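> Structure file target.tsv, TSV, C-alpha atoms and all ligand atoms, is pasted below:
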```
chain	number	residue	atom	x	y	z
Y	1240	MET	CA	0.00	0.00	0.00
Y	1241	VAL	CA	1.31	3.46	-0.83
Y	1242	GLU	CA	1.63	5.86	2.04
Y	1243	LYS	CA	-0.88	8.70	1.94
Y	1244	ARG	CA	0.43	12.22	1.36
Y	1245	ASP	CA	-0.73	15.46	2.93
Y	1246	ILE	CA	-2.63	17.21	0.16
Y	1247	LEU	CA	-2.57	20.59	1.93
Y	1248	SER	CA	1.19	20.72	1.31
Y	1249	LEU	CA	0.76	20.37	-2.46
Y	1250	SER	CA	1.05	23.26	-4.88
Y	1251	LEU	CA	-1.54	23.81	-7.59
Y	1252	GLU	CA	0.86	22.29	-10.14
Y	1253	GLU	CA	1.30	19.17	-8.02
Y	1254	ILE	CA	-2.47	18.69	-7.66
Y	1255	GLN	CA	-2.85	19.29	-11.40
Y	1256	GLN	CA	-0.32	16.56	-12.07
Y	1257	ALA	CA	-2.22	14.11	-9.86
Y	1258	VAL	CA	-5.61	14.77	-11.46
Y	1259	GLN	CA	-4.07	14.60	-14.92
Y	1260	GLU	CA	-2.66	11.16	-14.16
Y	1261	TRP	CA	-6.19	10.09	-13.33
Y	1262	GLY	CA	-7.44	11.40	-16.69
Y	1263	GLN	CA	-9.41	14.23	-15.08
Y	1264	PRO	CA	-9.72	17.72	-16.60
Y	1265	HIS	CA	-7.32	20.42	-15.51
Y	1266	TYR	CA	-9.89	22.61	-13.74
Y	1267	ARG	CA	-10.50	19.90	-11.15
Y	1268	ALA	CA	-7.24	20.88	-9.45
Y	1269	GLN	CA	-8.51	24.42	-9.00
Y	1270	GLN	CA	-11.76	23.14	-7.50
Y	1271	ILE	CA	-9.89	20.87	-5.09
Y	1272	LEU	CA	-7.55	23.61	-4.01
Y	1273	GLN	CA	-10.41	26.03	-3.48
Y	1274	TRP	CA	-12.15	23.58	-1.14
Y	1275	LEU	CA	-8.94	22.83	0.74
Y	1276	HIS	CA	-7.92	26.42	1.32
Y	1277	ARG	CA	-11.44	27.28	2.38
Y	1278	GLY	CA	-11.01	24.78	5.18
Y	1279	VAL	CA	-12.91	21.67	4.09
Y	1280	LYS	CA	-11.81	18.74	6.26
Y	1281	SER	CA	-13.00	15.77	4.20
Y	1282	PHE	CA	-12.88	14.89	0.49
Y	1283	ASP	CA	-16.51	13.82	0.75
Y	1284	ASP	CA	-17.53	17.41	1.35
Y	1285	MET	CA	-16.10	18.48	-2.02
Y	1286	THR	CA	-19.57	18.24	-3.46
Y	1287	ASP	CA	-18.87	19.43	-7.00
Y	1288	LEU	CA	-16.37	16.63	-7.66
Y	1289	PRO	CA	-17.43	13.28	-9.11
Y	1290	LYS	CA	-17.69	10.56	-6.46
Y	1291	ALA	CA	-14.99	8.44	-8.13
Y	1292	LEU	CA	-12.53	11.34	-7.92
Y	1293	ARG	CA	-13.32	11.96	-4.25
Y	1294	GLU	CA	-12.62	8.27	-3.59
Y	1295	LEU	CA	-9.33	8.40	-5.45
Y	1296	LEU	CA	-8.29	11.47	-3.47
Y	1297	ALA	CA	-9.15	9.79	-0.16
Y	1298	GLU	CA	-7.13	6.70	-1.15
Y	1299	ARG	CA	-4.00	8.68	-1.97
Y	1300	PHE	CA	-4.13	11.73	0.27
Y	1301	TYR	CA	-5.10	13.01	3.69
Y	1302	ILE	CA	-5.82	16.56	4.86
Y	1303	VAL	CA	-3.49	17.59	7.66
Y	1304	LYS	CA	-5.35	18.58	10.83
Y	1305	LEU	CA	-4.43	20.74	13.79
Y	1306	GLN	CA	-6.19	20.22	17.07
Y	1307	MET	CA	-6.75	23.32	19.17
Y	1308	LEU	CA	-5.42	22.53	22.66
Y	1309	ASP	CA	-5.77	25.92	24.22
Y	1310	LYS	CA	-6.82	29.43	23.30
Y	1311	ARG	CA	-6.20	32.51	25.39
Y	1312	THR	CA	-7.22	36.07	24.78
Y	1313	SER	CA	-5.40	38.92	26.50
Y	1314	SER	CA	-7.37	40.98	28.99
Y	1315	ALA	CA	-7.26	43.95	26.62
Y	1316	GLY	CA	-8.69	41.71	23.89
Y	1317	ASP	CA	-5.96	42.76	21.47
Y	1318	ALA	CA	-4.34	39.34	21.07
Y	1319	THR	CA	-5.39	35.71	21.07
Y	1320	LYS	CA	-2.93	32.90	21.32
Y	1321	TYR	CA	-3.70	29.43	20.00
Y	1322	LEU	CA	-1.89	26.29	21.04
Y	1323	PHE	CA	-2.17	23.56	18.39
Y	1324	LEU	CA	-1.44	19.85	18.60
Y	1325	LEU	CA	0.05	18.38	15.43
Y	1326	GLN	CA	-0.74	14.87	14.25
Y	1327	ASP	CA	2.58	13.54	15.61
Y	1328	ARG	CA	1.70	15.10	19.02
Y	1329	ASN	CA	4.13	17.97	18.71
Y	1330	ILE	CA	2.88	21.38	19.79
Y	1331	ILE	CA	3.06	24.78	18.07
Y	1332	GLU	CA	1.47	28.15	18.65
Y	1333	SER	CA	-0.05	30.91	16.54
Y	1334	VAL	CA	-1.10	34.38	17.67
Y	1335	VAL	CA	-3.77	36.70	16.30
Y	1336	MET	CA	-2.96	40.35	16.84
Y	1337	ARG	CA	-5.81	42.80	16.40
Y	1338	TYR	CA	-4.88	46.13	14.87
Y	1339	LYS	CA	-7.02	48.97	13.62
Y	1340	TYR	CA	-6.27	47.93	10.05
Y	1341	GLY	CA	-7.20	44.29	10.62
Y	1342	ASN	CA	-6.17	40.96	12.06
Y	1343	SER	CA	-2.61	39.83	11.73
Y	1344	LEU	CA	-1.60	36.21	12.29
Y	1345	CYS	CA	1.83	35.37	13.66
Y	1346	LEU	CA	2.54	31.76	12.81
Y	1347	SER	CA	5.12	29.07	13.49
Y	1348	THR	CA	7.40	27.58	10.84
Y	1349	GLN	CA	9.19	24.91	12.91
Y	1350	VAL	CA	8.66	22.86	16.07
Y	1351	GLY	CA	11.32	24.49	18.25
Y	1352	CYS	CA	14.34	26.27	16.79
Y	1353	ARG	CA	18.05	25.64	16.52
Y	1354	MET	CA	19.27	29.22	16.22
Y	1355	GLY	CA	19.92	29.48	19.96
Y	1356	CYS	CA	19.18	33.19	20.55
Y	1357	LYS	CA	19.78	33.66	24.27
Y	1358	PHE	CA	16.64	35.71	24.99
Y	1359	CYS	CA	14.14	33.55	23.10
Y	1360	ALA	CA	11.81	30.93	24.59
Y	1361	SER	CA	11.44	28.99	21.31
Y	1362	THR	CA	15.01	27.91	21.32
Y	1363	ILE	CA	15.10	26.30	24.79
Y	1364	GLY	CA	14.42	22.70	23.69
Y	1365	GLY	CA	16.26	23.04	20.34
Y	1366	LEU	CA	14.77	22.10	16.98
Y	1367	VAL	CA	12.38	19.14	16.88
Y	1368	ARG	CA	11.39	19.29	13.22
Y	1369	ASN	CA	10.36	21.50	10.32
Y	1370	LEU	CA	6.70	22.22	9.67
Y	1371	SER	CA	5.33	21.30	6.25
Y	1372	ALA	CA	3.78	23.94	4.01
Y	1373	GLY	CA	0.42	22.31	4.81
Y	1374	GLU	CA	0.94	22.71	8.54
Y	1375	MET	CA	1.66	26.42	8.05
Y	1376	LEU	CA	-1.43	26.79	5.87
Y	1377	ALA	CA	-3.52	24.84	8.39
Y	1378	GLN	CA	-2.71	27.47	11.05
Y	1379	VAL	CA	-4.25	30.17	8.83
Y	1380	ILE	CA	-7.26	27.98	8.01
Y	1381	GLU	CA	-7.96	27.02	11.65
Y	1382	VAL	CA	-7.66	30.58	12.88
Y	1383	ASN	CA	-9.87	31.86	10.04
Y	1384	ASP	CA	-12.50	29.26	11.00
Y	1385	ASP	CA	-12.33	30.34	14.61
Y	1386	LEU	CA	-12.54	34.06	13.83
Y	1387	GLU	CA	-15.44	33.48	11.48
Y	1388	LYS	CA	-17.37	31.58	14.15
Y	1389	VAL	CA	-17.53	34.69	16.30
Y	1390	GLY	CA	-18.18	37.03	13.37
Y	1391	GLU	CA	-14.69	38.54	13.34
Y	1392	ARG	CA	-12.68	39.58	10.31
Y	1393	ARG	CA	-10.50	36.90	8.77
Y	1394	VAL	CA	-6.72	37.02	8.85
Y	1395	GLY	CA	-5.60	39.97	6.73
Y	1396	ASN	CA	-1.84	39.85	7.31
Y	1397	VAL	CA	0.53	37.00	7.96
Y	1398	VAL	CA	3.80	37.38	9.84
Y	1399	LEU	CA	6.25	34.49	9.98
Y	1400	MET	CA	7.46	35.39	13.46
Y	1401	GLY	CA	6.22	32.54	15.60
Y	1402	ILE	CA	8.24	29.54	16.67
Y	1403	GLY	CA	11.15	28.67	14.38
Y	1404	GLU	CA	13.49	30.23	11.86
Y	1405	PRO	CA	11.59	30.38	8.55
Y	1406	LEU	CA	14.74	30.52	6.41
Y	1407	ASP	CA	16.02	27.37	8.15
Y	1408	ASN	CA	12.95	25.67	6.62
Y	1409	TYR	CA	13.33	27.49	3.32
Y	1410	ASP	CA	11.56	25.31	0.75
Y	1411	ASN	CA	8.42	24.71	2.81
Y	1412	THR	CA	8.19	28.35	3.84
Y	1413	VAL	CA	8.50	29.70	0.30
Y	1414	LYS	CA	6.01	27.13	-0.93
Y	1415	PHE	CA	3.55	28.21	1.78
Y	1416	ILE	CA	3.98	31.90	0.89
Y	1417	LYS	CA	3.23	31.17	-2.77
Y	1418	MET	CA	0.25	29.03	-1.74
Y	1419	ILE	CA	-1.53	31.70	0.33
Y	1420	HIS	CA	-1.17	34.04	-2.63
Y	1421	TYR	CA	-3.25	31.79	-4.95
Y	1422	PRO	CA	-6.21	33.79	-6.28
Y	1423	MET	CA	-8.56	30.81	-6.01
Y	1424	GLY	CA	-7.43	30.23	-2.43
Y	1425	LEU	CA	-6.75	32.81	0.28
Y	1426	ASN	CA	-5.65	35.37	-2.32
Y	1427	MET	CA	-3.33	37.13	0.08
Y	1428	SER	CA	-1.26	39.92	-1.39
Y	1429	TYR	CA	2.51	39.49	-0.96
Y	1430	ARG	CA	2.59	42.93	0.59
Y	1431	ARG	CA	0.58	41.60	3.49
Y	1432	ILE	CA	3.17	38.96	4.32
Y	1433	THR	CA	6.22	39.52	6.52
Y	1434	LEU	CA	9.04	37.03	6.99
Y	1435	SER	CA	11.30	37.48	9.99
Y	1436	THR	CA	14.79	35.99	10.06
Y	1437	CYS	CA	17.75	36.05	12.43
Y	1438	GLY	CA	19.85	36.71	9.32
Y	1439	LEU	CA	20.74	33.54	7.39
Y	1440	VAL	CA	22.53	35.47	4.67
Y	1441	PRO	CA	22.71	32.85	1.86
Y	1442	ARG	CA	18.98	32.13	2.25
Y	1443	MET	CA	18.24	35.90	2.26
Y	1444	MET	CA	19.97	36.04	-1.13
Y	1445	ASP	CA	17.89	33.08	-2.35
Y	1446	LEU	CA	14.73	34.82	-1.17
Y	1447	ALA	CA	15.75	37.99	-3.04
Y	1448	GLU	CA	16.07	35.87	-6.22
Y	1449	GLU	CA	12.49	34.61	-5.78
Y	1450	GLY	CA	11.44	38.24	-6.32
Y	1451	LEU	CA	8.37	38.00	-4.08
Y	1452	PRO	CA	7.48	41.48	-2.79
Y	1453	ILE	CA	7.02	40.37	0.82
Y	1454	THR	CA	8.45	42.37	3.73
Y	1455	LEU	CA	11.73	41.00	5.01
Y	1456	SER	CA	12.31	41.64	8.66
Y	1457	ILE	CA	15.71	41.00	10.19
Y	1458	SER	CA	16.32	40.42	13.88
Y	1459	LEU	CA	19.39	42.56	14.42
Y	1460	HIS	CA	19.28	43.33	18.15
Y	1461	ALA	CA	22.81	44.76	18.26
Y	1462	PRO	CA	24.81	47.57	16.59
Y	1463	ASN	CA	28.00	45.49	16.17
Y	1464	ASP	CA	29.09	41.89	15.74
Y	1465	GLU	CA	30.80	41.67	19.09
Y	1466	LEU	CA	27.66	42.48	21.03
Y	1467	ARG	CA	25.49	40.46	18.68
Y	1468	LYS	CA	27.60	37.35	19.24
Y	1469	LEU	CA	26.83	37.55	22.96
Y	1470	ILE	CA	23.11	37.03	22.37
Y	1471	MET	CA	22.83	35.41	18.92
Y	1472	PRO	CA	25.06	32.46	17.96
Y	1473	VAL	CA	24.18	33.05	14.28
Y	1474	ALA	CA	26.28	36.23	14.48
Y	1475	SER	CA	29.40	34.06	14.45
Y	1476	ALA	CA	28.41	32.75	11.03
Y	1477	TYR	CA	27.29	36.00	9.37
Y	1478	SER	CA	28.44	39.53	10.08
Y	1479	ILE	CA	26.22	42.61	10.18
Y	1480	ASP	CA	28.06	43.82	7.05
Y	1481	ASP	CA	27.00	40.64	5.24
Y	1482	ILE	CA	23.43	41.15	6.44
Y	1483	LEU	CA	23.43	44.75	5.20
Y	1484	LYS	CA	24.76	43.67	1.81
Y	1485	ALA	CA	22.07	41.00	1.49
Y	1486	SER	CA	19.41	43.49	2.61
Y	1487	ARG	CA	20.47	45.98	-0.04
Y	1488	TYR	CA	20.28	43.21	-2.65
Y	1489	TYR	CA	16.83	42.28	-1.38
Y	1490	PHE	CA	15.72	45.89	-1.80
Y	1491	LYS	CA	17.17	46.00	-5.32
Y	1492	LYS	CA	15.37	42.81	-6.36
Y	1493	THR	CA	11.98	43.41	-4.73
Y	1494	GLY	CA	11.73	47.18	-4.22
Y	1495	ARG	CA	10.88	46.48	-0.57
Y	1496	ARG	CA	12.71	48.22	2.26
Y	1497	VAL	CA	13.76	45.78	4.94
Y	1498	THR	CA	12.83	46.13	8.59
Y	1499	PHE	CA	15.38	45.69	11.36
Y	1500	GLU	CA	14.01	44.35	14.62
Y	1501	TYR	CA	15.80	45.51	17.74
Y	1502	ALA	CA	14.72	44.10	21.11
Y	1503	LEU	CA	15.95	46.30	23.93
Y	1504	ILE	CA	17.66	44.39	26.72
Y	1505	SER	CA	18.47	46.23	29.91
Y	1506	ASP	CA	22.10	47.42	30.14
Y	1507	LEU	CA	23.15	45.19	27.28
Y	1508	ASN	CA	22.16	46.78	23.97
Y	1509	ASP	CA	20.04	49.74	25.13
Y	1510	ARG	CA	22.73	52.28	25.97
Y	1511	GLU	CA	22.99	55.65	24.27
Y	1512	LYS	CA	26.23	54.63	22.57
Y	1513	ASP	CA	24.47	51.57	21.11
Y	1514	ALA	CA	21.80	53.80	19.59
Y	1515	ILE	CA	24.44	56.14	18.17
Y	1516	GLU	CA	26.40	53.24	16.66
Y	1517	LEU	CA	23.26	51.71	15.17
Y	1518	ALA	CA	22.23	55.03	13.66
Y	1519	ARG	CA	25.69	55.50	12.13
Y	1520	ARG	CA	25.52	52.09	10.47
Y	1521	LEU	CA	22.00	52.49	9.13
Y	1522	LYS	CA	22.12	56.11	7.99
Y	1523	GLY	CA	20.83	56.38	4.45
Y	1524	PHE	CA	20.07	52.67	4.28
Y	1525	PRO	CA	16.69	51.73	2.75
Y	1526	CYS	CA	15.21	50.38	5.96
Y	1527	HIS	CA	12.94	50.82	8.87
Y	1528	VAL	CA	13.81	50.05	12.50
Y	1529	ASN	CA	11.29	48.39	14.79
Y	1530	ILE	CA	12.01	48.71	18.50
Y	1531	ILE	CA	10.65	45.91	20.68
Y	1532	PRO	CA	10.85	46.02	24.46
Y	1533	LEU	CA	12.10	42.55	25.43
Y	1534	ASN	CA	9.52	40.17	26.82
Y	1535	ASN	CA	10.95	38.67	29.97
Y	1536	VAL	CA	11.08	34.88	29.61
Y	1537	ARG	CA	11.01	32.71	32.69
Y	1538	GLY	CA	14.35	30.94	33.17
Y	1539	LEU	CA	16.27	33.32	30.90
Y	1540	ALA	CA	18.63	35.90	32.38
Y	1541	TYR	CA	17.91	38.95	30.22
Y	1542	LYS	CA	15.57	41.68	31.38
Y	1543	ARG	CA	13.62	44.30	29.48
Y	1544	SER	CA	14.82	47.90	29.33
Y	1545	SER	CA	13.22	50.62	31.39
Y	1546	GLN	CA	10.70	52.89	29.71
Y	1547	ALA	CA	13.21	55.75	29.94
Y	1548	ALA	CA	15.90	53.72	28.16
Y	1549	VAL	CA	13.43	52.80	25.41
Y	1550	GLU	CA	12.48	56.44	24.89
Y	1551	ARG	CA	16.13	57.53	24.83
Y	1552	PHE	CA	17.01	54.84	22.25
Y	1553	VAL	CA	14.13	55.81	19.98
Y	1554	SER	CA	14.87	59.51	20.18
Y	1555	VAL	CA	18.56	59.06	19.31
Y	1556	LEU	CA	17.59	57.09	16.20
Y	1557	LYS	CA	14.99	59.67	15.23
Y	1558	SER	CA	17.40	62.55	15.66
Y	1559	GLN	CA	19.74	60.79	13.23
Y	1560	GLY	CA	16.98	60.56	10.62
Y	1561	ILE	CA	16.36	56.83	10.97
Y	1562	ALA	CA	12.78	55.68	10.30
Y	1563	VAL	CA	11.84	54.06	13.58
Y	1564	THR	CA	8.69	52.72	15.23
Y	1565	LYS	CA	8.07	51.17	18.58
Y	1566	ARG	CA	6.16	47.92	18.33
Y	1567	ARG	CA	2.85	48.06	20.12
Y	1568	GLU	CA	2.91	45.41	22.77
Y	1569	LEU	CA	0.06	42.95	22.60
Y	1570	GLY	CA	-0.82	39.98	24.70
Y	1571	LEU	CA	1.72	40.35	27.49
Y	1572	ASP	CA	-0.59	38.58	29.93
Y	1573	ILE	CA	-0.95	35.56	27.64
Y	1574	GLU	CA	2.75	34.89	27.27
Y	1575	GLY	CA	2.68	36.61	23.92
Y	1576	ALA	CA	6.36	36.36	22.97
Y	1577	CYS	CA	7.14	33.55	20.59
Y	1578	GLY	CA	7.46	30.12	22.11
Y	1579	GLN	CA	6.42	31.14	25.61
Y	1580	LEU	CA	3.04	29.47	25.78
Y	1581	ARG	CA	4.34	26.27	24.21
Y	1582	ARG	CA	7.24	26.35	26.66
Y	1583	SER	CA	5.01	26.76	29.71
Y	1584	TYR	CA	2.72	24.01	28.42
Y	1585	LEU	CA	5.69	21.65	27.99
Y	1586	GLU	CA	6.92	22.58	31.48
Y	1587	ARG	CA	3.53	21.70	32.96
Y	1588	VAL	CA	3.54	18.33	31.17
Y	1589	GLU	CA	7.11	17.63	32.34
Y	1590	ALA	CA	6.18	18.57	35.93
Y	1591	ARG	CA	3.23	16.17	35.86
Y	1592	GLN	CA	5.49	13.40	34.58
Y	1593	ASP	CA	7.98	14.09	37.40
Y	1594	GLU	CA	5.22	13.77	39.97
Y	1595	ARG	CA	4.41	10.25	38.83
D	1601	LIG	N1	13.53	33.16	13.84
D	1601	LIG	C1	12.96	34.36	13.30
D	1601	LIG	C2	11.48	34.53	13.56
D	1601	LIG	C3	10.94	34.17	14.91
D	1601	LIG	S1	11.31	35.21	16.27
D	1601	LIG	C4	13.76	35.56	13.76
D	1601	LIG	O1	14.72	35.40	14.49
D	1601	LIG	O2	13.46	36.67	13.34
D	1601	LIG	C5	10.38	36.68	16.02
D	1601	LIG	C6	10.99	37.91	16.67
D	1601	LIG	O3	10.83	37.89	18.10
D	1601	LIG	C7	12.47	38.04	16.42
D	1601	LIG	O4	12.80	39.37	16.15
D	1601	LIG	C8	13.05	37.60	17.76
D	1601	LIG	O5	14.37	38.04	17.92
D	1601	LIG	C9	12.06	38.20	18.73
D	1601	LIG	N2	12.07	37.67	20.07
D	1601	LIG	C10	12.39	36.44	20.50
D	1601	LIG	N3	12.31	36.34	21.83
D	1601	LIG	C11	11.93	37.55	22.27
D	1601	LIG	C12	11.66	38.10	23.56
D	1601	LIG	N4	11.80	37.37	24.66
D	1601	LIG	N5	11.26	39.38	23.63
D	1601	LIG	C13	11.14	40.13	22.51
D	1601	LIG	N6	11.36	39.68	21.28
D	1601	LIG	C14	11.76	38.40	21.16
```
Mind converting the file's structure to structure tokens?


Amino acid sequence: MVEKRDILSLSLEEIQQAVQEWGQPHYRAQQILQWLHRGVKSFDDMTDLPKALRELLAERFYIVKLQMLDKRTSSAGDATKYLFLLQDRNIIESVVMRYKYGNSLCLSTQVGCRMGCKFCASTIGGLVRNLSAGEMLAQVIEVNDDLEKVGERRVGNVVLMGIGEPLDNYDNTVKFIKMIHYPMGLNMSYRRITLSTCGLVPRMMDLAEEGLPITLSISLHAPNDELRKLIMPVASAYSIDDILKASRYYFKKTGRRVTFEYALISDLNDREKDAIELARRLKGFPCHVNIIPLNNVRGLAYKRSSQAAVERFVSVLKSQGIAVTKRRELGLDIEGACGQLRRSYLERVEARQDER
């Protein structure tokens, strides 16, 4: 017996190939994909397909499912965090952030992460495995279903900023991005998609070659390599100069300015001289800086900067003509920072196992 494949991970071309092999007309692939991306959970519900085709599909494929384990909304109502169980019992999380302009979904691209950033909860247990394109898509579909149930707007923006390093799972991530852009599916404009990376330079160059006009966001968090190496092991592989070169190339290829993320950590990277050095490096560069006050993570040593230090940092950048915004903080009381809810769930499970 052939092993069944997850059909949600297939591109339109791959579905077309399958239906063609079965002697079915081309347009069937579009119908199938439309049902799938709309969130249908069973081939039997694809009512405009001939019964024989539905049976063939069910013999060869399955539709990947996520089970909602937990859902928490912040007291301010501005963020909802979902904890999902995958079919192999791994756990991931996705967060809806509610902005004036619509709902943004922050989703996971891996189970765990192997980048080892010292301030990040996702990295604590290392990388377990990559998510498939279908598992990324399923996060959007499940959240859309849930939002629709309560009459809320569907997901309007997608940010790849949840658990994992998207460029460390390059092929699946790019496939997913192309899939949510399908006009017969979710029809999401590339401009509404943001990919965040810790700066895997060769993959940033590959992404530039794809020419997709998505926003590339780079987690910089330090004005020089020396400081960056203290908190981000990836800094030993790629220098800030390399990152800037790749960012400029990305801008040239896509016309999109990159964003630099900078999480302020008390007395580490939030000093006035850090702001001055950062401004000097980025002056005239086609970019935007996004300041994030660090979310304190239980068990990790770093602490967030004081409000005064945040204000000082922002005003130095502004005075140097750098385009800078402070990220609005959402969902602090639901362990909003990436990987935190999964981490605390795993800790609870481990504690229960210890008790036995
Ligand atoms: N691996 C990718 C995407 C996931 S992390 C990346 O590194 O960009 C998404 C963003 O959250 C990154 O900018 C990351 O550095 C930041 N982040 C991680 N832990 C954080 C914390 N405790 N507080 C604030 N930001 C954090």

> Give me the residues near Y:Ser1456 as a PyMOL selection string, where near means some atom within 8 Å (using all atoms listed in the file) and where sequence neighbours in that chain fewer than 6 positions away do not count.

chain Y and resi 1433-1436+1497-1500

> Find the residues near stretch 1394-1399 of chain Y: any atom within 7 Å, counting all atoms listed in the file, skip ones fewer than 5 places away on the same chain, and give them as a PyMOL selection string.

chain Y and resi 1341-1347+1383+1405+1431-1435

> What gap, in Å, lies between atom CA of Y:Ser1544 and atom CA of Y:Arg1566?

14.0 Å

> What is the distance, in Å and to one decimal place, between atom CA of Y:Tyr1501 and atom CA of Y:Ser1361?

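Value for the atom CA of Y:Tyr1501-atom CA of Y:Ser1361 distance: 17.5 Å.
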
> Find the residues around Y:Ile1402 up to 10 Å (all atoms listed in the file counted), leave out those fewer than 6 positions away in its own chain, and share them as a PyMOL selection string.

chain Y and resi 1331-1333+1345-1352+1359-1362+1366+1576-1579+1581

> Between Y:Glu1253, Y:Asp1287, Y:Glu1448, Y:Asp1385, which has the minimum distance to Y:Tyr1489 (counting all atoms listed in the file)?

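Looking at the shortest contact to Y:Tyr1489, the residue is Y:Glu1448.
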
> How would you write as a PyMOL selection string the residues that get within 9 Å of (-8.8, 24.6, 2.5) in the file's frame, counting all atoms listed in the file?

chain Y and resi 1247+1271-1280+1302+1376-1377+1380+1424-1425

> Closest to Y:Lys1512 among Y:Arg1467, Y:Lys1243, Y:Arg1551, Y:Lys1320, using all atoms listed in the file?

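That would be Y:Arg1551, the residue with the smallest distance to Y:Lys1512.
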
> Y:Leu1466: which residues within 10 Å, counting only C-alpha atoms, same-chain residues fewer than 6 positions away excluded, as an MDAnalysis selection string?

chainID Y and resid 1460 1474 1507:1508 1513

> Of the candidates Y:Phe1282, Y:Tyr1541, Y:Phe1300, Y:Trp1261, which one gets nearest to ligand LIG 1601 (chain D) if we count only C-alpha atoms and all ligand atoms?

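Using only C-alpha atoms and all ligand atoms, ligand LIG 1601 (chain D) sits closest to Y:Tyr1541.
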